[in-house]
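What follows is a set of notes on a single structure, which appears directly below.
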Amino acid sequence: MPHVEPLSGWGRYPVRDCAVWQPVTAEALHATLPPLGRSIARGNGRSYGDASLNPEATIDMRRLDRLIAFDDASGELVCEAGVLLSDIIDAFVPRGWFVPVTPGTRMVTIGGMIASDVHGKNHHGTGSFCEHLLWLDLDLGDGRVLRCSHQENADLFAASCGGMGLTGMIVRAAFRLMPIESAWMRQQTVRARDLGEAMAVFERSHAWTYSVAWIDCLARGRDLGRSAILLADHAPADALDATRRAEPLARPPRQPRAVPVDLPGFALSSFNVRAFNQLYYAMQRPGEALVALDPYFYPLDALTDWNRIYGRRGFVQYQCVLPLAESERGLRRLLEAIATAGSGSFLAVLKRMGPASFGLLSFPMPGYTLALDFPATPANLALLDRLDAIVADHGGRIYLTKDARLSAPMLALGYPGLARFRELRAQHGLDRRFSSLLSQRLEL
């Protein structure tokens, strides 16, 4: 039997009372789905908005968390969809393996990574997570469980990769891990005085495996877009000092700290955010260093419940991508609008994206992606509507995994695979069995 509880995404906006089922096996999930009507899968609740919310039936997948098989020769891992990325990292980094693509937090499930077709700091060279996916098993909720891959049920595979859980319940999946020699990163920090200089650093740094920039979203004038770019490669064992070389795959322990209370609104005043941005930029020292794997990939995981910084009413994360030819013009317009409004986030992120994925609703395209947080206030929601118009003018799109307020017409402008996605949902009867607040809002 289900229980009812208030749920939200990581942004804590919106919040809805949802009837929650928590099957403990794939067989229990299979038996649960047919009588439910419309439902949606929920992993660890790290999508930011309403993608994993269905007041009628939300399926908590975290008990489907088994590692099923691993091939030491090829790196192929088979696991259930509720396995946390953190568990894979804990189990396999000590054995010399790492995931081919990781988002900015370890606290996500493999099913969520597939449904979001997550990308990382290496998208310019490696693509998104589903580019490394070998197959997935999909429960269609009508008694069928289908193996989906590029060779089998390829249409459902393309719809499920980035499909926000709207093609069925991902039960298990297979993908390949990549070998590493150490749990350390060779990192180079480069400061850029403005947006043009930051983009030039990205364009000449394709040989680096990973690249990401913190960008000062409130800087204006000649400082518009000033950034600190972090470039990195996995460090080989022979690059470590003697002490680290003795246990090259050992990860230094981290002691996460909690945000104990919801911060008041004045903590996010324009003055405070602007002061933080100026201080953070000044603290980034150019040069090369060895850094541990976790702080490079997952800096915010060291601060549990960091979403409480934005207070009780929550926040929305806004992430867009602009095509390469339009990126600089579009980013300038976006940053000018954000700086003028005086409302931005402590940590805005800029990344260079590589080729588009095969997923019908996958987010990436060749160009630049900008992500930043806004407290969920009426003024900020109106600002995001203005940002949407800029993104549309430059041929971009919004990341659905981060979204909580996009309109259906704006979605249609950015996703050319949308019509085919809707067609497949109807063809297989999935529109009658799987639904979320996001899908209802965006008419998916």
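Within each chain, counting starts at residue 1; across the structure tokens, chains are named A, B, ... in the order shown, with ligands numbered 1 upward in that order.
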field: Contact residues around stretch 256-261 of chain A with only C-alpha atoms at 7 Å, ignoring same-chain residues under 6 positions, as a list in words
entry: Ala302, Leu303, Thr304, Asp305, Trp306 and Arg308 of chain A
Would you export the selected residues with N, CA and C atoms as a PDB file, in the first residue's frame, please?
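What ended up in result.pdb:
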ATOM      1  N   ALA A 302      29.884  18.132  -0.461  1.00  0.00           N
ATOM      2  CA  ALA A 302      30.496  18.331   0.857  1.00  0.00           C
ATOM      3  C   ALA A 302      29.596  19.134   1.784  1.00  0.00           C
ATOM      4  N   LEU A 303      28.517  19.686   1.236  1.00  0.00           N
ATOM      5  CA  LEU A 303      27.587  20.485   2.030  1.00  0.00           C
ATOM      6  C   LEU A 303      26.196  19.871   1.863  1.00  0.00           C
ATOM      7  N   THR A 304      25.852  18.962   2.754  1.00  0.00           N
ATOM      8  CA  THR A 304      24.556  18.299   2.640  1.00  0.00           C
ATOM      9  C   THR A 304      23.430  19.310   2.842  1.00  0.00           C
ATOM     10  N   ASP A 305      22.325  19.082   2.171  1.00  0.00           N
ATOM     11  CA  ASP A 305      21.158  19.972   2.266  1.00  0.00           C
ATOM     12  C   ASP A 305      21.489  21.410   1.901  1.00  0.00           C
ATOM     13  N   TRP A 306      22.400  21.587   0.918  1.00  0.00           N
ATOM     14  CA  TRP A 306      22.762  22.958   0.545  1.00  0.00           C
ATOM     15  C   TRP A 306      21.584  23.693  -0.074  1.00  0.00           C
ATOM     16  N   ARG A 308      18.958  24.295   1.271  1.00  0.00           N
ATOM     17  CA  ARG A 308      18.337  25.110   2.317  1.00  0.00           C
ATOM     18  C   ARG A 308      18.868  26.540   2.320  1.00  0.00           C
TER      19      ARG A 308
END
TODO: Please provide as a PyMOL selection string all residues within 12 Å of A:Ile68, with the sequence filter that same-chain residues fewer than 3 positions apart are discarded (counting only C-alpha atoms).
DONE: chain A and resi 64-65+71+76-81+83+88+171-174
The selected residues should be written to file as a short mmCIF file (atom, residue, chain, number, x, y, z; two decimals), in the first residue's frame (atoms: C-alpha atoms).
data_model
loop_
_atom_site.label_atom_id
_atom_site.label_comp_id
_atom_site.auth_asym_id
_atom_site.auth_seq_id
_atom_site.Cartn_x
_atom_site.Cartn_y
_atom_site.Cartn_z
CA LEU A 64 15.96 -1.56 -6.65
CA ASP A 65 19.61 -1.01 -5.83
CA ASP A 71 33.26 -7.69 -16.27
CA GLU A 76 30.83 -3.55 -18.32
CA LEU A 77 28.55 -3.07 -15.32
CA VAL A 78 24.96 -4.31 -15.03
CA CYS A 79 22.89 -2.82 -12.23
CA GLU A 80 19.36 -1.98 -11.18
CA ALA A 81 18.02 1.50 -11.81
CA VAL A 83 21.61 2.13 -7.58
CA ILE A 88 29.26 2.74 -7.79
CA VAL A 171 14.43 -1.46 -14.27
CA ARG A 172 18.10 -2.23 -14.99
CA ALA A 173 20.83 -1.11 -17.35
CA ALA A 174 24.30 -1.90 -18.61
#
Looking only at strand (DSSP E) from DSSP on the backbone, list the matching residues of stretch 283-316 of chain A as JSON, numbers by chain. {"A": [287, 288, 289, 290, 291, 292, 303, 304, 315, 316]}
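A straight line drawn from atom CA of A:Gly225 to atom CA of A:Ser205 is 18.1 Å long.
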> By how many Å are atom CA of A:Arg186 and atom CA of A:Gly287 apart?
Replying inline: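 Going from atom CA of A:Arg186 over to atom CA of A:Gly287, I get 10.7 Å.
Counting only C-alpha atoms, A:Ala371 has the following residues at most 6 Å away, ignoring those fewer than 5 positions along the same chain: Tyr318, Gln319, Ala348 and Val349 of chain A.
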Export, as a PDB file, in the first residue's frame, the selected residues with N, CA and C atoms.
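Result file follows (part.pdb):
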ATOM      1  N   TYR A 318      18.162  27.334 -13.472  1.00  0.00           N
ATOM      2  CA  TYR A 318      17.928  27.635 -14.882  1.00  0.00           C
ATOM      3  C   TYR A 318      19.156  27.197 -15.664  1.00  0.00           C
ATOM      4  N   GLN A 319      18.987  26.214 -16.552  1.00  0.00           N
ATOM      5  CA  GLN A 319      20.101  25.783 -17.395  1.00  0.00           C
ATOM      6  C   GLN A 319      19.658  25.770 -18.848  1.00  0.00           C
ATOM      7  N   ALA A 348      27.462  30.199 -10.571  1.00  0.00           N
ATOM      8  CA  ALA A 348      26.955  29.962 -11.914  1.00  0.00           C
ATOM      9  C   ALA A 348      28.010  29.173 -12.686  1.00  0.00           C
ATOM     10  N   VAL A 349      27.565  28.283 -13.557  1.00  0.00           N
ATOM     11  CA  VAL A 349      28.466  27.337 -14.221  1.00  0.00           C
ATOM     12  C   VAL A 349      28.332  27.465 -15.728  1.00  0.00           C
TER      13      VAL A 349
END
Between A:Arg176, A:His3, A:Arg251, A:Arg405, single out the one closest to A:Trp135, counting only C-alpha atoms.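 Closest to A:Trp135 of all the choices is A:Arg176.
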Which residues come within 10 Å of A:Leu146, counting only C-alpha atoms, excluding same-chain residues fewer than 2 positions away, as number ranges by chain? A: 136-140, 143-144, 148-149, 152-153, 156-157, 168, 170-171
Query - Neighbour list for A:Tyr48 as a PyMOL selection string, cut-off 9 Å, only C-alpha atoms, skip fewer than 2 positions in-chain - result: chain A and resi 8-13+45-46+50-51+315-317+401-404
Print the selection's residues with C-alpha atoms to a file, as a PDB file, in the first residue's frame.
ATOM      1  CA  SER A   8       9.624  18.177  -4.209  1.00  0.00           C
ATOM      2  CA  GLY A   9      12.674  18.144  -6.396  1.00  0.00           C
ATOM      3  CA  TRP A  10      16.033  19.362  -5.133  1.00  0.00           C
ATOM      4  CA  GLY A  11      14.949  22.968  -5.645  1.00  0.00           C
ATOM      5  CA  ARG A  12      12.110  22.480  -3.107  1.00  0.00           C
ATOM      6  CA  TYR A  13       9.785  24.141  -5.621  1.00  0.00           C
ATOM      7  CA  GLY A  45      14.874  13.294  -5.869  1.00  0.00           C
ATOM      8  CA  ARG A  46      17.795  15.228  -7.372  1.00  0.00           C
ATOM      9  CA  ASP A  50       8.601  18.628 -10.838  1.00  0.00           C
ATOM     10  CA  ALA A  51       9.873  15.850 -13.125  1.00  0.00           C
ATOM     11  CA  PHE A 315      14.704  27.929  -5.774  1.00  0.00           C
ATOM     12  CA  VAL A 316      14.744  27.150  -9.458  1.00  0.00           C
ATOM     13  CA  GLN A 317      17.847  26.220 -11.386  1.00  0.00           C
ATOM     14  CA  THR A 401      15.908  17.984 -15.477  1.00  0.00           C
ATOM     15  CA  LYS A 402      16.474  21.413 -13.948  1.00  0.00           C
ATOM     16  CA  ASP A 403      13.133  22.925 -14.982  1.00  0.00           C
ATOM     17  CA  ALA A 404      10.112  23.806 -12.839  1.00  0.00           C
TER      18      ALA A 404
END
I'd like a table as a tab-separated table: residues in stretch 174-215 of chain A with an atom no more than 9 Å from stretch 325-328 of chain A, each row giving the shortest atom pair and its distance in Å to one decimal, only C-alpha atoms counted, sorted by chain and rising residue number.
residue	atom	partner	partner_atom	distance
A:Leu195	CA	A:Glu328	CA	7.7
A:Gly196	CA	A:Glu328	CA	7.3
A:Met199	CA	A:Glu328	CA	8.0
